[in-house]
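Engineer: Quick one: the structure is below, questions incoming.
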Amino acid sequence: MIRVENVCKSFGLLEVLKGVSCYVAPREVVCVIGPSGSGKSTLLRCINQLETVQSGDVMINGMDITHPSIDINKIRQQVGMVFQLFNLFPHKTTLENITLAPTKILKISPAEAHQRAVTLLGKVGLLDKADVYPHKLSGGQKQRVAIARALAMQPKVMLFDEPTSALDPEMVGEVLEVMKDLAHEGMTMMVVTHEMGFAREVGHRVMFMDEGVIVEEGTPAHLFDNPQNPRTKAFLSKVL
Amino acid sequence: MTQLTSCIFGFNIVEKMMDIHGFEVVTNNFSSFMVGALVTLELTALAVAFGMILGLVFGLLRLAPNFKIGYHLSGLYIDFFRGTPLFVQILLLYFGVLPFFGDIGAFTSAVIACSLNSGAYIAEIVRAGIQAIDQGQMEAGRSLGMNQRQAMWYIILPQAYKVVIPPLINEFIAMLKDTSLVSIIGVSELTLRGKLVYASTYEPAWVWGTIAIIYFIMTKLLAMFGDYMERRLATE
């Protein structure tokens, strides 16, 4: 589904990704953990080209999306993204947030988009908030709307960029619950997270990143209970 | 009224004022001033309308560093019209540039000069307004598969317009006052009419006082409209 090969990315003199290679198989949930500034978010943003890479390849469904001839907008329609700070559109209601892209980009009928949005709002448990503007929602509700908005494009992969890091502790659960449901339905997911419980429970595979490289990866049981690399051990001893 | 003022002042103030020459000058020329005020309003409305179109185009170009020609052209345009006096621009355009394009007339020439000037300021207002919108909004739009133009149109501009209303009203008010400069090329707006009346009557305090009050009323109304818009947008 996703294959990243030897990707390098730097911001000015700061090397953020130093030749990262990884993959996400269809229906797989991959969690990326690691300290702040280790390049996790940048890796995720390179996968839908919100950041351009200096070298290396990003393949989605076998297509090299770093190639200039690729219509990146078409690719992004199949790759949903959820941001740490939600980035809901404040001038649109919850429902309009979800229907905007399907009607304008996929050109599906307003009635169909509305139906799709209602179904998704039901799924994330926010049907009663359909006509509310984002500023009236709590953080957890905003993030659930953001997930519904991404899902409305019927993506093949979902990228989550620290989806619970900006939330009050009591709201983390409701968002993780939605993500868990999504994983159980077989959605292909790549999740950058600090929620070790979620990574252990839901992730099929966990990658530990530090200083721009993937230091260690494996099943949650392997990585959390029996880490091999000293850096992984040091990190886990601090967060677990 | 007459009786009331007689009671208070001990004489009939209205009749007393009618004795004053200046007051008579103002009342006699009041309809002419009103026509002048209308010309001023018309000039302002046209300048601001075209200025907004120019401002939107050049403001957006200023934000497209990948489109090198547009970016630099826009920079040049803004620099020139912000960096030289409107008075000089009016003279340059009317006497120096537009004659090459045939007999365009003072009013049209004035509209063009004011629009170009206003457009430069509005371009900066537009640029600032768009840059005030959180970068995450653009990213959210792009991540849903929108191209740059679609994200700008559906997501950024609808939010930016709320940000730009206060500085835009400010610009309208400044432009309304600055249209007085076009009196130099003979556009018969409020200030020129004041000049003409003053020249034949020598009542500077009465004439310029009245002109000032008319300008003030127009700008005050604009400011009140701006306050109303801000309040309405705040509650939305």
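Ligands are numbered from 1 in the order shown, chains are lettered A, B, ... in the order of the structure tokens, and residues start at 1 in each chain.
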Find the residues of chain A in contact range of chain B, meaning any atom within 12 Å when counting only C-alpha atoms, and list them as an MDAnalysis selection string.
Structural biologist: chainID A and resid 44:51 71:93 96:107 132:133 135 146:155 158:160
Engineer: Kindly export the residues of the current selection with C-alpha atoms, as a compact mmCIF listing (two decimals), in the first residue's frame.
Structural biologist:
```
# COMPACT_ATOMS: atom_id res chain seq x y z
CA LEU A 44 3.93 11.06 7.82
CA ARG A 45 3.70 14.43 6.05
CA CYS A 46 6.12 13.22 3.38
CA ILE A 47 3.80 10.34 2.61
CA ASN A 48 1.09 12.66 1.28
CA GLN A 49 3.63 15.21 0.09
CA LEU A 50 2.66 17.99 2.48
CA GLU A 51 6.44 18.02 2.74
CA ASP A 71 -1.23 14.45 -9.97
CA ILE A 72 -0.69 14.71 -6.24
CA ASN A 73 -4.25 15.94 -5.68
CA LYS A 74 -5.62 12.69 -7.06
CA ILE A 75 -3.33 10.72 -4.73
CA ARG A 76 -4.28 12.78 -1.70
CA GLN A 77 -7.96 12.01 -2.32
CA GLN A 78 -7.12 8.41 -1.44
CA VAL A 79 -4.96 9.26 1.55
CA GLY A 80 -6.90 10.67 4.50
CA MET A 81 -5.03 12.77 7.00
CA VAL A 82 -5.89 13.70 10.58
CA PHE A 83 -3.93 16.50 12.20
CA GLN A 84 -2.84 17.11 15.76
CA LEU A 85 -4.67 20.46 15.83
CA PHE A 86 -7.77 19.17 13.96
CA ASN A 87 -7.73 21.98 11.36
CA LEU A 88 -11.49 21.96 10.99
CA PHE A 89 -12.86 24.72 8.78
CA PRO A 90 -14.23 27.27 11.29
CA HIS A 91 -16.55 28.94 8.78
CA LYS A 92 -18.41 25.69 8.04
CA THR A 93 -20.73 23.63 10.21
CA GLU A 96 -20.42 21.19 5.80
CA ASN A 97 -16.89 20.36 6.95
CA ILE A 98 -17.56 16.78 5.93
CA THR A 99 -19.46 17.42 2.68
CA LEU A 100 -17.21 20.17 1.27
CA ALA A 101 -14.49 18.06 -0.32
CA PRO A 102 -16.76 15.24 -1.62
CA THR A 103 -19.08 17.71 -3.37
CA LYS A 104 -16.40 20.04 -4.71
CA ILE A 105 -13.63 17.58 -5.50
CA LEU A 106 -15.30 14.21 -6.10
CA LYS A 107 -18.33 16.04 -7.57
CA VAL A 132 -22.94 23.19 14.99
CA TYR A 133 -19.88 25.27 14.15
CA HIS A 135 -15.85 26.47 17.93
CA ALA A 146 -11.89 15.65 11.49
CA ILE A 147 -11.74 11.87 11.19
CA ALA A 148 -15.21 11.81 9.63
CA ARG A 149 -14.16 14.57 7.22
CA ALA A 150 -11.19 12.53 6.05
CA LEU A 151 -13.28 9.37 5.76
CA ALA A 152 -15.87 11.13 3.61
CA MET A 153 -13.40 10.99 0.72
CA GLN A 154 -13.44 7.19 1.14
CA PRO A 155 -9.64 6.99 1.35
CA MET A 158 -5.55 6.99 6.81
CA LEU A 159 -2.62 8.93 8.27
CA PHE A 160 -2.91 10.15 11.85
```
Engineer: Return as a PyMOL selection string the full set of residues in segment 82-172 of chain A whose backbone-based DSSP assignment is strand (DSSP E).
Structural biologist: chain A and resi 82+157-161
Engineer: Include N, CA and C atoms and write out the residues we just selected as a compact mmCIF listing (two decimals), in the first residue's frame.
Structural biologist:
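Once written, result.txt looks like this:
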```txt
# COMPACT_ATOMS: atom_id res chain seq x y z
N VAL A 82 -5.33 13.09 9.38
CA VAL A 82 -5.89 13.70 10.58
C VAL A 82 -4.76 14.40 11.31
N VAL A 157 -6.16 4.76 2.61
CA VAL A 157 -5.24 4.78 3.75
C VAL A 157 -5.59 5.97 4.62
N MET A 158 -5.38 5.84 5.92
CA MET A 158 -5.55 6.99 6.81
C MET A 158 -4.24 7.25 7.54
N LEU A 159 -3.82 8.53 7.53
CA LEU A 159 -2.62 8.93 8.27
C LEU A 159 -3.06 9.74 9.48
N PHE A 160 -2.55 9.40 10.64
CA PHE A 160 -2.91 10.15 11.85
C PHE A 160 -1.64 10.78 12.42
N ASP A 161 -1.64 12.10 12.52
CA ASP A 161 -0.48 12.81 13.03
C ASP A 161 -0.73 13.25 14.47
```
Engineer: Using Å and a single decimal, report how far atom CA of Gly75 of chain B sits from atom CA of Leu116 of chain B.
Structural biologist: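 Computed distance, atom CA of Leu116 of chain B to atom CA of Gly75 of chain B, equals 13.6 Å.
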Engineer: Taking the DSSP assignment computed from this structure's backbone, write out as an NGL selection string all residues of segment 20-203 of chain A that belong to helix (DSSP H, G or I).
Structural biologist: :A and (40-47 or 72-76 or 94-104 or 110-123 or 127-129 or 134-136 or 139-151 or 169-184 or 196-202)
Engineer: Give me, please, the distance in Å between atom CA of Val192 of chain A and atom CA of Ser69 of chain A, quoted to one decimal.
Structural biologist: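 Computing it gives 28.9 Å between the two atoms.
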Engineer: Go ahead and compute the interatomic distance for atom CA of Asp168 of chain A and atom CA of Thr219 of chain A, in Å to one decimal.
Structural biologist: 28.7 Å
